[in-house]
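Report on the following structure.
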Amino acid sequence: MARTGENFINLKVPAKPEYIGVIRLAIAGIADRLGLNCESVEDLKLSVTEACTSIIQFSKDPALILMECYIEKENLYLNISDGKLLPKDNELFQCGKNHYESLTEANMGIYLINALMDDLHYCIEPEKGIYIRMVKRLSTGEPIEQ
Amino acid sequence: MDIKVTSKKLSEKVHSVEVHGEIDVYTSSKVKEKIGELIEKGIYILIINLEEVRYIDSTGLGVLIGALKKVKEHDGNIGLICTNPQIRKIFNITGLVKIFGLYKSEEEALGKISQG
């Protein structure tokens with residue numbers, strides 16, 4: 001869903017490893033702007049980096065990494081994609097707490113995001129595209145709308 | 001986002017690797033390369049110092065896991081020096097704390113690894 005407004009941030013960088021640090025700095029700045037504590041800032045940095053790394057590692061010939069970020073009802077929403085896929089809500093996969101019976105190097109990124117964020121939905125189809133939506137509840141965040 | 005990786009001989013069989021900076025998909029290859037060089041030379045007991053690492057992600061963890069698998073094939077081991085709570089948290093979440101020894105100092109790591 002396209003969103004606009006004063007609390008909407010849109011960042012687009014080349015899908016190259018050297019630009020992941022730029023996105024990490026950007027999300028740290030946004031988190032700092034929101035007054036999050038150090039641990040939450042670090043959790044966001046890692047989650048966003050893992051999502052971007054998934055695009056570089058698994059997307060077929062990705063050109064871009066797009067990060068959309070907005071605040072709604074005291075929740076910070078982050079959508080990270082390669083720009084090829086805009087799935088409907090019912091096409092997104094949600095991690096359960098015991099989604100992975102065993103943790104492997106390949107699924108470690110999603111596993112970490114799931115552990116660090118308050119909500120995670122994703123669609124990873126290397127041929128079609130990658131789209132990861134994550135939510136961080138701010139201090140008094142309302143229940144996250146699915 | 002630069003990274004610096006250096007190594008130091010602690011004894012005939014044990015070397016330490018010191019990493020400064022952030023370990024991610026861009027920089028992890030440098031860590032992998034340095035550790036790989038040591039393993040190629042037959043050094044199978046490594047102490048990797050992460051005290052100056054500000055950040056590590058799954059690609060960095062993957063490098064460490066890969067290195068541990070290789071040294072274990074030669075009855076070696078890897079000890080990690082790490083006191084940064086955020087980095088220790090990642091090892092806890094992933095359960096890697098069970099397969100890597102996390103130590104507070106080089107002395108502690110050396111003592112434990114030599115016993116094992």
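Identifiers in this document derive from the order of the structure tokens: chains are assigned A, B, ..., residues are numbered from 1 separately in each chain, and ligands are numbered from 1 in order of occurrence.
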
Select residues of chain A: the criterion is any atom within 7 Å of an atom of chain B, counting only C-alpha atoms; output as a PDB file with C-alpha atoms, in the first residue's frame.
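Writing done, so here's selection.pdb:
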```pdb
ATOM      1  CA  PRO A  17      26.693  -4.859  -0.061  1.00  0.00           C
ATOM      2  CA  GLU A  18      28.519  -1.548   0.341  1.00  0.00           C
ATOM      3  CA  GLY A  21      25.790   0.355   5.972  1.00  0.00           C
ATOM      4  CA  LEU A  46      20.216  -5.710  12.892  1.00  0.00           C
ATOM      5  CA  GLU A  50      19.157  -8.826   7.806  1.00  0.00           C
ATOM      6  CA  THR A  53      21.060  -8.955   3.207  1.00  0.00           C
ATOM      7  CA  GLU A 105      22.787 -20.393   8.199  1.00  0.00           C
ATOM      8  CA  MET A 108      19.276 -17.165  10.320  1.00  0.00           C
ATOM      9  CA  GLY A 109      18.416 -13.683   9.037  1.00  0.00           C
TER      10      GLY A 109
END
```

Inset, instruction - Please identify which residues in region 30-98 of chain B DSSP calls strand (DSSP E or B) from the backbone, and express them as a list in words. - result: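 Secondary structure check on region 30-98 of chain B, strand (DSSP E or B): Ile45, Leu46, Ile47, Ile48, Asn49, Leu50, Glu51, Glu52, Val53, Arg54, Tyr55, Ile56, Asn77, Ile78, Gly79, Leu80 and Ile81 of chain B.
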
Legend entry - Proximity to Lys45 (chain A) - best of A:Leu66, A:Leu138, A:Ile113, A:Ile132, only C-alpha atoms: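 Going through A:Leu66, A:Leu138, A:Ile113, A:Ile132 one by one, the smallest distance to Lys45 (chain A) is for A:Ile113.
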
Write out as an mmCIF file with C-alpha atoms, in the first residue's frame each polymer residue whose atoms come within 9 Å of Ile130 (chain A), counting only C-alpha atoms; drop sequence neighbours fewer than 5 positions from it.
```cif
data_model
loop_
_atom_site.group_PDB
_atom_site.id
_atom_site.type_symbol
_atom_site.label_atom_id
_atom_site.label_comp_id
_atom_site.auth_asym_id
_atom_site.auth_seq_id
_atom_site.Cartn_x
_atom_site.Cartn_y
_atom_site.Cartn_z
ATOM 1 C CA SER A 54 18.246 -11.358 2.254
ATOM 2 C CA ILE A 55 17.667 -9.284 -0.872
ATOM 3 C CA PHE A 58 18.458 -14.430 -2.416
ATOM 4 C CA SER A 59 16.858 -12.060 -4.929
ATOM 5 C CA ILE A 80 11.994 -3.638 2.851
ATOM 6 C CA SER A 81 11.913 -4.994 -0.665
ATOM 7 C CA ASP A 82 13.735 -5.327 -3.946
ATOM 8 C CA GLY A 83 10.947 -3.338 -5.602
ATOM 9 C CA LYS A 84 9.796 -6.260 -7.747
ATOM 10 C CA LEU A 85 7.036 -7.524 -5.534
ATOM 11 C CA LEU A 86 4.103 -5.820 -3.869
ATOM 12 C CA TYR A 122 7.480 -11.726 4.478
ATOM 13 C CA CYS A 123 7.433 -13.113 1.004
ATOM 14 C CA ILE A 124 10.722 -14.501 -0.288
ATOM 15 C CA GLU A 125 10.510 -15.790 -3.831
#
```

Inset, instruction - Go ahead and compute the interatomic distance for CA of Ala31 (chain A) and CA of Asn84 (chain B), in Å to one decimal. - result: 20.2 Å

Inset, instruction - Record the distance separating CA of Leu112 (chain A) and CA of Asp43 (chain A), expressed in Å with one decimal. - result: 9.2 Å

Inset, instruction - Quick one: everything within 12 Å of Leu44 (chain A), counting only C-alpha atoms, minus sequence neighbours fewer than 3 positions away in the same chain. Send it as a ChimeraX atom specification. - result: /A:23-32,36-41,47-51,69,76-78,112-118,134-138 /B:57,86

Legend entry - Coordinates-based distance that separates CA of Gly129 (chain A) from CA of Lys30 (chain B) (Å, one decimal):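 If I compute the distance from CA of Lys30 (chain B) to CA of Gly129 (chain A), I get 28.7 Å.
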